[in-house]
$ cat my_file34.tsv   # TSV, C-alpha atoms
chain	number	residue	atom	x	y	z
A	1468	MET	CA	-24.12	-157.80	188.40
A	1469	LEU	CA	-25.04	-154.27	189.41
A	1470	LYS	CA	-28.58	-153.15	190.08
A	1471	PHE	CA	-29.47	-150.29	187.76
A	1472	HIS	CA	-31.96	-147.82	189.12
A	1473	ASN	CA	-32.77	-145.50	186.24
A	1474	PRO	CA	-32.50	-146.80	182.67
A	1475	LEU	CA	-32.44	-143.21	181.34
A	1476	TRP	CA	-28.91	-142.82	182.71
A	1477	ASP	CA	-27.82	-146.41	182.10
A	1478	GLU	CA	-25.88	-145.83	178.90
A	1479	THR	CA	-23.49	-148.62	177.98
A	1480	GLU	CA	-20.34	-146.55	178.59
A	1481	THR	CA	-21.58	-145.29	181.96
A	1482	ARG	CA	-22.63	-148.81	182.96
A	1483	LYS	CA	-19.14	-150.12	182.13
A	1484	LYS	CA	-17.61	-147.37	184.27
A	1485	ALA	CA	-19.95	-148.23	187.15
A	1486	GLU	CA	-19.02	-151.92	186.89
A	1487	LEU	CA	-15.29	-151.09	186.88
A	1488	ILE	CA	-15.71	-148.84	189.94
A	1489	SER	CA	-17.73	-151.50	191.77
A	1490	LYS	CA	-15.01	-154.06	191.10
A	1491	ALA	CA	-12.31	-151.63	192.26
A	1492	ILE	CA	-14.20	-151.08	195.52
A	1493	THR	CA	-14.55	-154.84	196.03
A	1494	THR	CA	-10.86	-155.51	195.31
A	1495	SER	CA	-9.56	-152.41	197.16
A	1496	SER	CA	-7.89	-151.02	194.03
A	1497	VAL	CA	-6.89	-147.45	193.32
A	1498	ILE	CA	-8.39	-145.94	190.18
A	1499	SER	CA	-6.76	-143.60	187.68
A	1500	LEU	CA	-9.13	-141.17	185.99
A	1501	THR	CA	-9.47	-137.86	184.25
A	1502	ASN	CA	-12.30	-135.69	185.54
A	1503	ASP	CA	-14.47	-133.45	183.37
A	1504	ASN	CA	-12.05	-130.55	183.97
A	1505	GLY	CA	-9.22	-132.54	182.37
A	1506	GLU	CA	-7.48	-133.10	185.71
A	1507	LYS	CA	-5.78	-136.50	186.06
A	1508	LEU	CA	-6.31	-138.09	189.46
A	1509	LEU	CA	-5.51	-141.21	191.42
A	1510	ILE	CA	-8.43	-141.94	193.71
A	1511	GLU	CA	-9.51	-144.52	196.24
A	1512	PRO	CA	-13.16	-145.39	195.55
A	1513	PHE	CA	-15.36	-145.70	198.64
A	1514	VAL	CA	-19.04	-145.59	197.65
A	1515	LEU	CA	-20.85	-146.08	194.34
A	1516	GLY	CA	-24.50	-145.16	194.35
A	1517	ILE	CA	-27.46	-143.57	192.60
A	1518	HIS	CA	-28.19	-139.85	193.07
A	1519	LYS	CA	-31.55	-139.43	194.79
A	1520	GLU	CA	-32.79	-136.69	192.43
A	1521	THR	CA	-31.14	-137.26	189.05
A	1522	GLY	CA	-30.82	-141.05	189.03
A	1523	LYS	CA	-27.20	-140.74	187.87
A	1524	TYR	CA	-24.37	-142.88	189.22
A	1525	LEU	CA	-22.23	-141.09	191.86
A	1526	LEU	CA	-18.79	-142.04	193.13
A	1527	GLN	CA	-17.60	-140.97	196.56
A	1528	CYS	CA	-13.82	-141.20	196.59
A	1529	LEU	CA	-10.67	-139.96	198.25
A	1530	LYS	CA	-8.25	-138.01	196.10
A	1531	SER	CA	-4.99	-139.56	197.10
A	1532	LEU	CA	-1.77	-138.11	195.67
A	1533	PRO	CA	0.54	-139.25	197.10
A	1534	LEU	CA	-1.21	-142.21	198.62
A	1535	GLU	CA	-1.10	-141.49	202.32
A	1536	LEU	CA	-3.30	-141.88	205.35
A	1537	HIS	CA	-4.65	-138.33	205.01
A	1538	THR	CA	-8.38	-137.87	205.17
A	1539	ASP	CA	-8.80	-134.12	205.09
A	1540	GLU	CA	-12.33	-133.21	204.13
A	1541	GLU	CA	-11.23	-131.35	200.99
A	1542	ASN	CA	-9.69	-134.55	199.62
A	1543	TRP	CA	-13.07	-136.29	199.58
A	1544	LEU	CA	-14.82	-135.97	196.21
A	1545	LEU	CA	-18.27	-136.77	194.90
A	1546	LEU	CA	-18.09	-137.40	191.14
A	1547	GLU	CA	-20.77	-138.09	188.55
A	1548	VAL	CA	-19.70	-141.32	186.87
A	1549	ASP	CA	-20.90	-140.27	183.40
A	1550	ARG	CA	-18.55	-137.24	183.54
A	1551	ILE	CA	-15.44	-139.32	184.34
A	1552	GLN	CA	-13.03	-139.86	181.45
A	1553	GLU	CA	-10.14	-142.28	180.92
A	1554	LEU	CA	-11.13	-144.52	183.82
A	1555	GLN	CA	-8.95	-147.52	184.67
A	1556	THR	CA	-7.91	-149.56	187.67
A	1557	THR	CA	-4.28	-149.58	188.76
A	1558	THR	CA	-2.10	-152.17	190.47
A	1559	ILE	CA	-1.95	-149.91	193.54
A	1560	ALA	CA	-3.88	-151.23	196.53
A	1561	SER	CA	-6.09	-148.88	198.54
A	1562	LYS	CA	-5.18	-148.31	202.16
A	1563	ALA	CA	-6.76	-150.83	204.48
A	1564	GLN	CA	-8.25	-148.28	206.85
A	1565	ARG	CA	-9.02	-144.59	207.16
A	1566	LYS	CA	-9.07	-142.69	210.42
A	1567	LYS	CA	-12.20	-140.79	209.47
A	1568	HIS	CA	-14.64	-141.36	206.65
A	1569	PHE	CA	-16.40	-138.20	205.47
A	1570	SER	CA	-19.77	-139.30	204.18
A	1571	LEU	CA	-20.91	-137.54	201.04
A	1572	SER	CA	-23.27	-140.40	200.29
A	1573	ILE	CA	-26.26	-138.52	201.72
A	1574	GLU	CA	-26.88	-137.43	198.12
A	1575	MET	CA	-27.41	-141.08	197.19
A	1576	GLU	CA	-30.77	-142.78	197.14
A	1577	GLU	CA	-29.30	-146.24	196.69
A	1578	ILE	CA	-25.83	-147.62	197.46
A	1579	ILE	CA	-24.52	-150.10	194.88
A	1580	ALA	CA	-21.09	-150.81	196.40
A	1581	SER	CA	-19.21	-149.45	199.39
A	1582	VAL	CA	-16.01	-150.13	201.26
A	1583	SER	CA	-17.95	-150.71	204.46
A	1584	ASP	CA	-19.44	-153.73	202.70
A	1585	SER	CA	-15.85	-154.85	202.02
A	1586	GLN	CA	-14.79	-154.26	205.66
A	1587	LYS	CA	-12.37	-151.53	204.58
A	1588	VAL	CA	-13.47	-148.52	206.61
A	1589	VAL	CA	-13.58	-148.75	210.40
$ encode --input "my_file34.tsv" --output "structure tokens"
Amino acid sequence: MLKFHNPLWDETETRKKAELISKAITTSSVISLTNDNGEKLLIEPFVLGIHKETGKYLLQCLKSLPLELHTDEENWLLLEVDRIQELQTTTIASKAQRKKHFSLSIEMEEIIASVSDSQKVV
């Protein structure tokens, strides 16, 4: 069960998204989503946390189309979970390792799930 920091942002739909993301991180699964601009993405989730100022759930992820071992800084995204649409896990496995992990998690007050906890990033 996830720890929920700020009940003001813990709406049922957002909580379900956070739980799905946490499970995808734990199982090293790629996620399919539509962002708030209507762009469809396949992403590898890396960190799920709570924003230190707003209390909203944040997802640090790697935009990965096609799924390759690229880790260019511009492919790393920080998304507000409540703004994600059409979220679902896929049968695609995340890559086991990344050469470099760009940390956007400095915006997070609390980390709920991360790939480092799952021994994925070295």
$ atom_distance --input "my_file34.tsv" --atom1 "atom CA of A:Thr1557" --atom2 "atom CA of A:Leu1545"
19.9 Å
$ residues_around --input "my_file34.tsv" --residues "A:Lys1484" --least-positions-apart "6" --cutoff "9 Å" --atoms "all atoms listed in the file" --output "PDB file with C-alpha atoms, in the frame of the given file"
ATOM      1  CA  VAL A1548     -19.700-141.320 186.870  1.00  0.00           C
ATOM      2  CA  ASP A1549     -20.900-140.270 183.400  1.00  0.00           C
ATOM      3  CA  ILE A1551     -15.440-139.320 184.340  1.00  0.00           C
ATOM      4  CA  LEU A1554     -11.130-144.520 183.820  1.00  0.00           C
ATOM      5  CA  GLN A1555      -8.950-147.520 184.670  1.00  0.00           C
TER       6      GLN A1555
END
$ closest_residue --input "my_file34.tsv" --among "A:Ile1492, A:Leu1515, A:Leu1544, A:Gln1552" --to "A:Glu1480" --atoms "all atoms listed in the file"
A:Gln1552
$ atom_distance --input "my_file34.tsv" --atom1 "atom CA of A:Ser1489" --atom2 "atom CA of A:Leu1526"
9.6 Å
$ atom_distance --input "my_file34.tsv" --atom1 "atom CA of A:Lys1562" --atom2 "atom CA of A:Ile1510"
11.1 Å
